[in-house]
Structures are given as structure tokens and as C-alpha cells.
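One structure below.
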Protein chains: 2
Amino acid sequence: MSKEIPTREEDYSLWYNELVKKADLAENSPVRGCMVIKPYGYSIWEKMQAALDKMFKDTGHSNAYFPLFIPKSFFSKEASHVEGFAKECAIVTHYRLKNDENGNGVVVDPDAKLEEELIVRPTSETVIWSTYKNWIQSYRDLPLLVNQWANVVRWEMRTRLFLRTSEFLWQEGHTAHATKDEAVAETVQMLEVYAHFAEHFMAMPVVKGLKTESERFAGAEDTYCIEAMMQDGKALQSGTSHFLGQNFAKAFDVKFTNKEGKLDLVWGTSWGVSTRLMGALIMAHSDDAGLVLPPKLAPIQVVIVPIFKGEDQLNAISEKVAGIKAELLRKGISVKYDARDTHKPGWKFAEYELKGIPVRIAIGPRDLENGTVEVARRDEKTKETIALDQLSNTVERLLDDIQQNIYNKALALRASKTTTVETYDEFKKVLETKGGFILAHWDGTAATEQKVKDETKATIRCIPLDQPDEEGKCMVTGNPSTKKVLFAKAY
Amino acid sequence: MSKEIPTREEDYSLWYNELVKKADLAENSPVRGCMVIKPYGYSIWEKMQAALDKMFKDTGHSNAYFPLFIPKSFFSKEASHVEGFAKECAIVTHYRLKNDENGNGVVVDPDAKLEEELIVRPTSETVIWSTYKNWIQSYRDLPLLVNQWANVVRWEMRTRLFLRTSEFLWQEGHTAHATKDEAVAETVQMLEVYAHFAEHFMAMPVVKGLKTESERFAGAEDTYCIEAMMQDGKALQSGTSHFLGQNFAKAFDVKFTNKEGKLDLVWGTSWGVSTRLMGALIMAHSDDAGLVLPPKLAPIQVVIVPIFKGEDQLNAISEKVAGIKAELLRKGISVKYDARDTHKPGWKFAEYELKGIPVRIAIGPRDLENGTVEVARRDEKTKETIALDQLSNTVERLLDDIQQNIYNKALALRASKTTTVETYDEFKKVLETKGGFILAHWDGTAATEQKVKDETKATIRCIPLDQPDEEGKCMVTGNPSTKKVLFAKAY
């Protein structure tokens, strides 16, 4: 079959790339580093967006839209932002094409050069804080809780569909607060929102933690993150929430009159997740037969395939299916009935396995006689015969069960691939033989962090929030440490 | 009051600009020609998006996402596309910044020049058809019904919030079909979707028609449009649907094997509406006190304002309001209760008038005694006292009534400002004294069309679909004409 993909065992990286393409999720575009998100892939992203957007609104945020372009000078205003932020970005220098005098299509009009170059936003703190200056005068204007769904561009030399592309889609929340405590609480709240989304919608367990200073967002005082383990044991950073302190308020002079009538700088946060989550979703659960989607994010939760010979049989089945479909829809379950006669049932089974549809119902003439259907679950690839009058309840329960089961499997995998080590030798051995997450003591210095990275390619993913304080010695230097941190190789 | 806006009579253009800003819809950004869509404005756009998106999906379309950037050479592939399309666009020439050696922030790295410049998409036909080439092999792959919600950039010298900005948000549908008939049917279907949306959601009557050849989309064989009348009598093009023939299939070599096994070029359509609709919505209905929103697009349909002195009165009112709010929410009506004690009721009344909230409920201690509330409608600025047990039914009916009433008012205005003329003298006189839409015979030539435009600034908005065929003589040249066409000055 042309849609076959390599196994994870054979080549995990190729398995991922091929799966993304064969399952119609995304493909490379004619523009280097940019992807096309295909309709099926986009429909999963829409489910993610809807769930996240609801959570943002339930926590008091509103959406808005800020410009795609940022004047170059803005990037120089926040010192560590310009210093730390990657300078690979798309730069607009001209605003007009003209017909080539030699008839070779169009050329850039040299007379249409911009006075100041514009940068296609890699992130929007600068342009948003320059706007907030006009929106915030008094404590009554705070908190300001705004989110934006947008495309951003960070020029990447090596790209991979969803995981690292020059253009990607994301949401970026940007909030302003009267006090430090409020801003910190917001930062943590949004981390919790992301963790909840990852675990309850994506069925993907995550470690919540703080980034080390060297991994922090440029311009932030603290960066919180969620880290997930992929099936190959590598970590994937799945969302970040930054406490910005008063850094951007200082850079853009955003002050407010507090309740005591005094002028004070505003406190800020920003937080984001992106289409990278699509990559995480795929790599967390899928198998050698294709995608495995959590029911809560599956655009189609149930597919019904008729097994028939000739039109009469099909008509009899379709009549029965109409009732089944209506009953499932009433329960809020999304259903597709694939009655095409251009494809055989076996082809359809493989296709919907590849696409990760959580539940498949097959119904043939014998089922009609017996008042049954065959129900197959994608996650375990098991099937059973169910009486029609039990069907909608069974499917409803099955969807919940699949959601929980793939979470449990991912959790078990993570547990089996998380190791606590005491020495650097042990660390290197585990990394080489088993991989996965490693908890170890670290002396808190950037030098040690860098040494481990250089020597092993593993990085400190985060300082886990739930890791208990304990006296210990750094596995590398032997210097004192108060907490184990999480190391892994990462995407 | 600082939020006062000029009247329409005084200065229609300034009234619009100030209303957009004072009602918190949008503002100019630090980037020339680009706007910031503020949370309240964006929440209206979200209502528009949701309604349109549902209609697109109900007619079989899926969303997808294509790159922001288009290689410059793509624009030269479809001859009339490059010829006719505005060449004012944002051009990316470099992909890296670097720290200035003299310490003056960042500068463009001259070593990071792109081999081929990238254009920020002004519209996506070229990049999408280059992708469709790989998606379409057989008639089984057709029709391909895809829509994209995206930002686009067309460099504009004179910009106005929502009406004409360098960056704007829109949706662009791009479909591919096996036959001409199917593609034409799709083009007309999407025109009908737009017209339905304009009339039933925006409460804005529209004229459906065909653009003349000179106003056609570059690369289209036919451009259908909907044209609405603003309160000043000017026309605003509110949506277009293009029949592309096989032009883009030819340019990008998109062929399919038809049912007979023969290779054939694919037929195409594209269609779009943008944040320009926000401008149309504002100008179609609003008055000197502020926005008037149709209930179906109002983010908040009902606001409840308590009239109270002291905490005891507020508590008693709030208790009653909780029940009212719950009952309205149960009916699917969105409600805001503004119990702030930092603002007086009069201030709130003015604020919610400015924001266009369709229904305002005021409730004070005497209402509590009498079991009544005061209900005010934004469109007519009338109010009445309603018994509490009648309230939710009254509000529900009132919202329907407001939706219908503002449509009727817009329709009546359009009728009163539409004139049929026979001679060019009459035409010029009507245009000067009364403005509005003018129906007149035209000889079908671009020369005459241009002459009228040069001499009067009026353009042919469209050849209306519902205009009957009739023998006549062009008002300018006296040459034969078969149909009256619609002229107007336009935004």
C-alpha cells in the first residue's frame, strides 16, 4: 500500500515525518521552512484552539489583534530581549514590485525602500507593550488580560513539520498587572491551564517546572514550562509562561497611577503554545499503523463502515446507520459514515487507522440480522460485537476509556523511562543506554549546565515544581544542590 | 464627556474615525498603515467569523493553512494576475539581524540576503494552486473545497481603520472542480452565502452583481460581488466571489484524469471577505450616540445596570439580577451585569450606547417593589417598563425585532437613495445633489466606464443580477444597452 509508513523501531524520525504527510496533516510548502497545514491536520488544530480559547476566556482573557510587522528599532528597546532573542527573522525592506524592463516578470522597485525596516513578528511583546502604554493610565485599567491568535516567523535553518518551522501558528497571551503578586499568579495560572490542556485534552502527561536562567525567555524574570516525553524518550517543550517583571514596562515606559495616587511601573506576563503541540500530539501516542488521537481532539470520533455487496445491501445498512448516527450525534459524538463504493472496507479500515479515528463501527448484512455491529477501538486495536441497543452507551464509554487509556500508557512510558541518578557516570550511562528523563542534582551554575550539554547533548528541561527540596551534591562538580532537576535530550 | 463623537451631519468621515476609536474597536498602530484591533472590536469580528465559518462548513468546505510568504516568481506565472494586481506589497529581502558594531541596537545583516525575495501574501491563489498541483490527480480528488482564515498585506498609502489598511484579516476560499458548471455554481453559491450573511447577520441589505471587466479580480473570468449602501449614500464592496476559469490551473499546470481517463485542466474559484466588513457594519447602522449593533453579532446582547444608593440596595438588586441573568442565559442570550460602584448609571448608559449593546435593562429599588424593570432598545432609543415575569420573553422578542428593524431602516434608506436615470445630465445632477445608488444604461465599454469615473468619481459598482433585461441607450454615448447597471461613489 502506498500509504505505508516505516515503524518507530526502524526509524523514529522518518516514521514521524512520513506519518505527518501520509495522514494528511501537513507538508512542506514551496517556501523554504514554511509548511502547509492540510485540512485534516488543521481540523485537529481547530479542536485545540477551541479548547484553549475557551479556557482563556473562562479565566477572563479577551482576544485582540496586533500588527504582523514590528519596526526594527523596537527590538533594541528591551536590552536582554534583543540580546537573547534569536536574530533570525524575516525582514521587510521594500514595499513595491514593478514590471521588469526586460520583460522578466517582476522585480523589487529600488525606489520603494522603507526608511526603517520592518520585522515580521517573531513574538509580539514589543509592539504590544508600546500599545499598552496608551491603554493603561490608572489601576482601574488593570489587569489587562489579552490574547492573540496569530502567525509568527523565526527563520530556521533546519525545519521539521510542526516541530520547527519558520512560520508557525500560535497564541500569545500578554497581560499587565498592578502588582508583582498578581503577575506571578497569572503566570502560574496560565501554566496550569496549559498543563490541564495537555493532560486532559491531549492525554499527554507533563512535568511543570521553571526554566534555568540560560533557557529563560529573553526579557523574562522567570519562565515556567511544561515538558512532555515523546515515545522515543526525548523531551518536547509544550508551552511556556513568562513572568516579565517590569522589564517591558520599563522599556516602553508603561506606568499607572496606583490606588494611592502614585505613579508606578506595570508588571507583565506572556505565555504561548503553538502548532508545535501538533507534533507533540502525534509523537506522544501514535503507533506503526498511524495516528492515535485522543477522542477529545479527534475531528471525527467515530467512523462507520458498511460491509456490503450490491446496492440492496447498502441501502438496508444505510437505513440502519441513519438511526445510529442520529443517536450518536445526540450525545455530542462526531460521526462519519463512509459509504463510498469506490473503496473496499479493508482499504477504509487502514485509512481510518492511519488517520487515528478513535472508534470504528463496521456493519454488514449478518449484523442486520443479528441486531449487532462490530466496534473496534484504535488505541488497542481490539474489536467486539455489540448489540445495537447498547451501542451509543458503549461508544460513549469507549471514548472516555480511550482518552484515559492513552493518557495512562503515556504516563507508564514516562515512568519507565524516568531515572534518578547520583553520579555523572551513571547519568551518561543511562542517557546512552536507556534515554528518557533523568533527575539529578545540579549546582545551579550555567557553566555546569553548559558542560553537560556539550558533553552529552542533554539539557536541563526544567526545575520541576513538584520536586522536593533535598540536600545533595551536584553530579558533575560535587558542589551543594538543594533540588534535583530534570535532564533530557530534547526536540 | 471625553467620549463624545462628532455627528454624522457635521462630518461623516470624522464621525466614523472617532467612533471606531471611542467605541474601542480599533486604533492605528505604531506601524504605518497597520491597525490594532482592540478586544471589543475583535469580539465582534469573532462573532462574524463564527457565523461565516459555520456557513462555509455547512456547504462542505474545510479550513487549511498556507504560507504567509510567496516566492516573487510565483506572481509572474499567471499573466493577468501579475498585470492587474497591485504591486504595492511587503517584500522580504533578508533573514537576519545582527548587533550594530557601533552599539546602535540591531541592523540588517547584509550577508543574510535571500536568493529570491519573498512577498507577504496579498492573496494566496498562486501559492495555493502550486500546492493543489500535488493534491489533484484524479476526478476523485475533486471538488477540493478549502478555506483559509489569514492575515494579508497590501501596501496602502492612504489608510482608514477597517476600510483600508495595509494588513487586514480575512478569509479566502479556494476551490477546484472537474467542470466549468460546478465551478460557476460554487462561485454563485458563495456569493449567496455572503449575501445571506450580510442581510441576516449584519442586517445590511446588499445588491448582488457582476463586476465589469475592468473591475474584475486579476486572473478571474468573472467577479461576483455584494455592494452595500452606507448612510452617506456611498457604496461599500462587502465581498467578492471569483470564477477563475482554468487560468490558475494553466499557470500552475494543475490537471486531473477525468472519468473518461483523459487529462484535463482543473476549474477554479476563489472568494473572500475581510475585516472591511467591520467598517461596513459600523457605517450601515450606527448613529450620533455611537454604535448600533445587530443582535446576532453583538458580543453582549443585554446589559443590566443597577440603580442604587448604598450596599444594601445593591445587594437586593444583585440578588434579583442573578435570576434574570440566569433566565436570559438559558435562552442563549448574552448578558453583562455592570454593578461597578466606580461609575454612575448615567455614565454607564452613555457607555453602552456608544458600544451599541442592543438592549439595556435598568433596575432600581422602586422596580424591586413593583416587580418591574426598565427596558431600553438601542436602535430606537425608546424605553418601557416591563413586568419581571414578562422579561425574558420580551427581551427575546425585542432582539429579533431590533435585528429586523435595523435591516428595514437600512433597506428604506437604500430605497430612498436609489435613483434611476436616463441621461448623463440627470446622472450628474443626482450624484451631486442626492448621491446614493444610480441605475443607468451603459454601453458596456471600458472607455465609457472610465469617462464617467474621471468626470464624476462614480464607478460601476456592479451589473446587478436581479436587474431585468431591457432595451435602452447608454446615458453617455447613446449606444445600445441591454441592462441598467449600478453606479455610485464608493469606499
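Going through the C-alpha cells in order, the chains are called A, B, and so on, while each chain numbers its residues from 1 and the ligands are numbered from 1 in the order shown.
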For the contact check between chain B and chain A, emit one row per residue of chain B within 7 Å, containing the shortest atom pair and the distance in Å rounded to one decimal, counting only C-alpha atoms, chain then rising number order, as a tab-separated table.
```
residue	atom	partner	partner_atom	distance
B:Val31	CA	A:Ile70	CA	6.7
B:Cys34	CA	A:Pro67	CA	5.9
B:Met35	CA	A:Pro67	CA	6.4
B:Val36	CA	A:Phe66	CA	4.8
B:Ile37	CA	A:Tyr65	CA	4.9
B:Lys38	CA	A:Ala64	CA	5.3
B:Pro39	CA	A:Ala64	CA	4.6
B:Tyr42	CA	A:Ala64	CA	5.4
B:Ser62	CA	A:Pro39	CA	5.8
B:Asn63	CA	A:Pro39	CA	5.6
B:Ala64	CA	A:Pro39	CA	4.6
B:Tyr65	CA	A:Ile37	CA	4.9
B:Phe66	CA	A:Val36	CA	4.8
B:Pro67	CA	A:Cys34	CA	5.9
B:Phe69	CA	A:Val31	CA	6.9
B:Ile70	CA	A:Val31	CA	6.7
B:Pro71	CA	A:Val31	CA	6.7
B:Ser76	CA	A:Gly105	CA	5.0
B:Lys87	CA	A:Leu97	CA	5.1
B:Glu88	CA	A:Arg96	CA	4.5
B:Cys89	CA	A:Tyr95	CA	5.0
B:Ala90	CA	A:Tyr95	CA	4.7
B:Ile91	CA	A:Val92	CA	5.3
B:Val92	CA	A:Val92	CA	4.2
B:Thr93	CA	A:Val92	CA	6.3
B:His94	CA	A:Ile91	CA	5.3
B:Tyr95	CA	A:Ala90	CA	4.6
B:Arg96	CA	A:Glu88	CA	4.5
B:Leu97	CA	A:Lys87	CA	5.1
B:Lys98	CA	A:Lys87	CA	6.5
B:Gly105	CA	A:Ser76	CA	5.0
B:Val106	CA	A:Ser76	CA	6.5
B:Trp155	CA	A:Tyr95	CA	6.5
```
What would the file look like if the residues just selected were written as a short mmCIF file (atom, residue, chain, number, x, y, z; two decimals), in the first residue's frame with C-alpha atoms?
```cif
data_model
loop_
_atom_site.label_atom_id
_atom_site.label_comp_id
_atom_site.auth_asym_id
_atom_site.auth_seq_id
_atom_site.Cartn_x
_atom_site.Cartn_y
_atom_site.Cartn_z
CA VAL B 31 3.42 50.50 12.21
CA CYS B 34 -1.46 48.61 10.19
CA MET B 35 -4.18 48.63 12.82
CA VAL B 36 -4.59 47.22 16.29
CA ILE B 37 -7.97 45.53 16.62
CA LYS B 38 -8.92 46.10 20.24
CA PRO B 39 -10.64 43.42 22.35
CA TYR B 42 -12.15 41.77 17.91
CA SER B 62 -12.67 22.68 5.28
CA ASN B 63 -10.12 25.09 6.66
CA ALA B 64 -6.40 24.79 6.00
CA TYR B 65 -3.35 26.99 6.26
CA PHE B 66 -0.87 28.06 3.58
CA PRO B 67 2.37 30.04 3.95
CA PHE B 69 5.24 34.18 2.13
CA ILE B 70 5.08 33.71 -1.62
CA PRO B 71 8.19 33.49 -3.81
CA SER B 76 4.73 36.21 -12.80
CA LYS B 87 2.28 45.74 -6.91
CA GLU B 88 2.25 47.51 -3.58
CA CYS B 89 3.23 44.76 -1.20
CA ALA B 90 5.63 43.96 1.61
CA ILE B 91 8.85 42.40 0.34
CA VAL B 92 11.14 40.30 2.50
CA THR B 93 14.72 40.50 1.29
CA HIS B 94 16.79 39.42 4.33
CA TYR B 95 16.54 36.83 7.06
CA ARG B 96 18.85 38.02 9.83
CA LEU B 97 19.56 40.97 12.07
CA LYS B 98 22.86 41.50 13.85
CA GLY B 105 20.88 48.36 18.51
CA VAL B 106 20.37 46.00 15.59
CA TRP B 155 0.74 48.24 0.95
#
```
For this session: For Gly346 (chain B), list every protein, DNA or RNA residue within 12 Å, evaluated using only C-alpha atoms, and leave out those in the same chain fewer than 6 positions away; present the list as a list in words.
Result: Met1, Val305, Pro306, Ile307, Tyr352, Glu353 and Ala362 of chain B
Exercise. Which polymer residues have any atom within 8 Å of an atom of Asp232 (chain A), counting only C-alpha atoms, with same-chain residues fewer than 3 positions away left out, as a ChimeraX atom specification?
Worked result: /A:12,229,436
Problem set entry | Shell of 9 Å around Leu144 (chain A), only C-alpha atoms, local chain residues under 3 positions omitted, as number ranges by chain | A: 61, 132, 135-136, 141, 174-177
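Residues within 10 Å of Lys483 (chain A), counting only C-alpha atoms and excluding same-chain residues fewer than 6 positions away, are A:Leu439, A:Ala440, A:His441, A:Trp442, A:Asp443, A:Gly444, A:Ile463, A:Pro464, A:Gln467, A:Pro468, A:Asp469, A:Glu470, A:Glu471, A:Gly472, A:Lys473, A:Cys474.
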For this session: Name the closest residue to Ile357 (chain B) among the candidates B:Pro299, B:Gly272, B:Gly239, B:Gly261; distances are taken between atoms, counting only C-alpha atoms.
Result: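 Of B:Pro299, B:Gly272, B:Gly239, B:Gly261, the one nearest Ile357 (chain B), counting only C-alpha atoms, is B:Pro299.
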Exercise. Of the candidates B:Val430, B:Val20, B:Ala183, B:Ala415, which shows the shortest atom-to-atom distance to Arg160 (chain B), using only C-alpha atoms?
Worked result: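 Ranked by minimum distance to Arg160 (chain B), first place goes to B:Val20.
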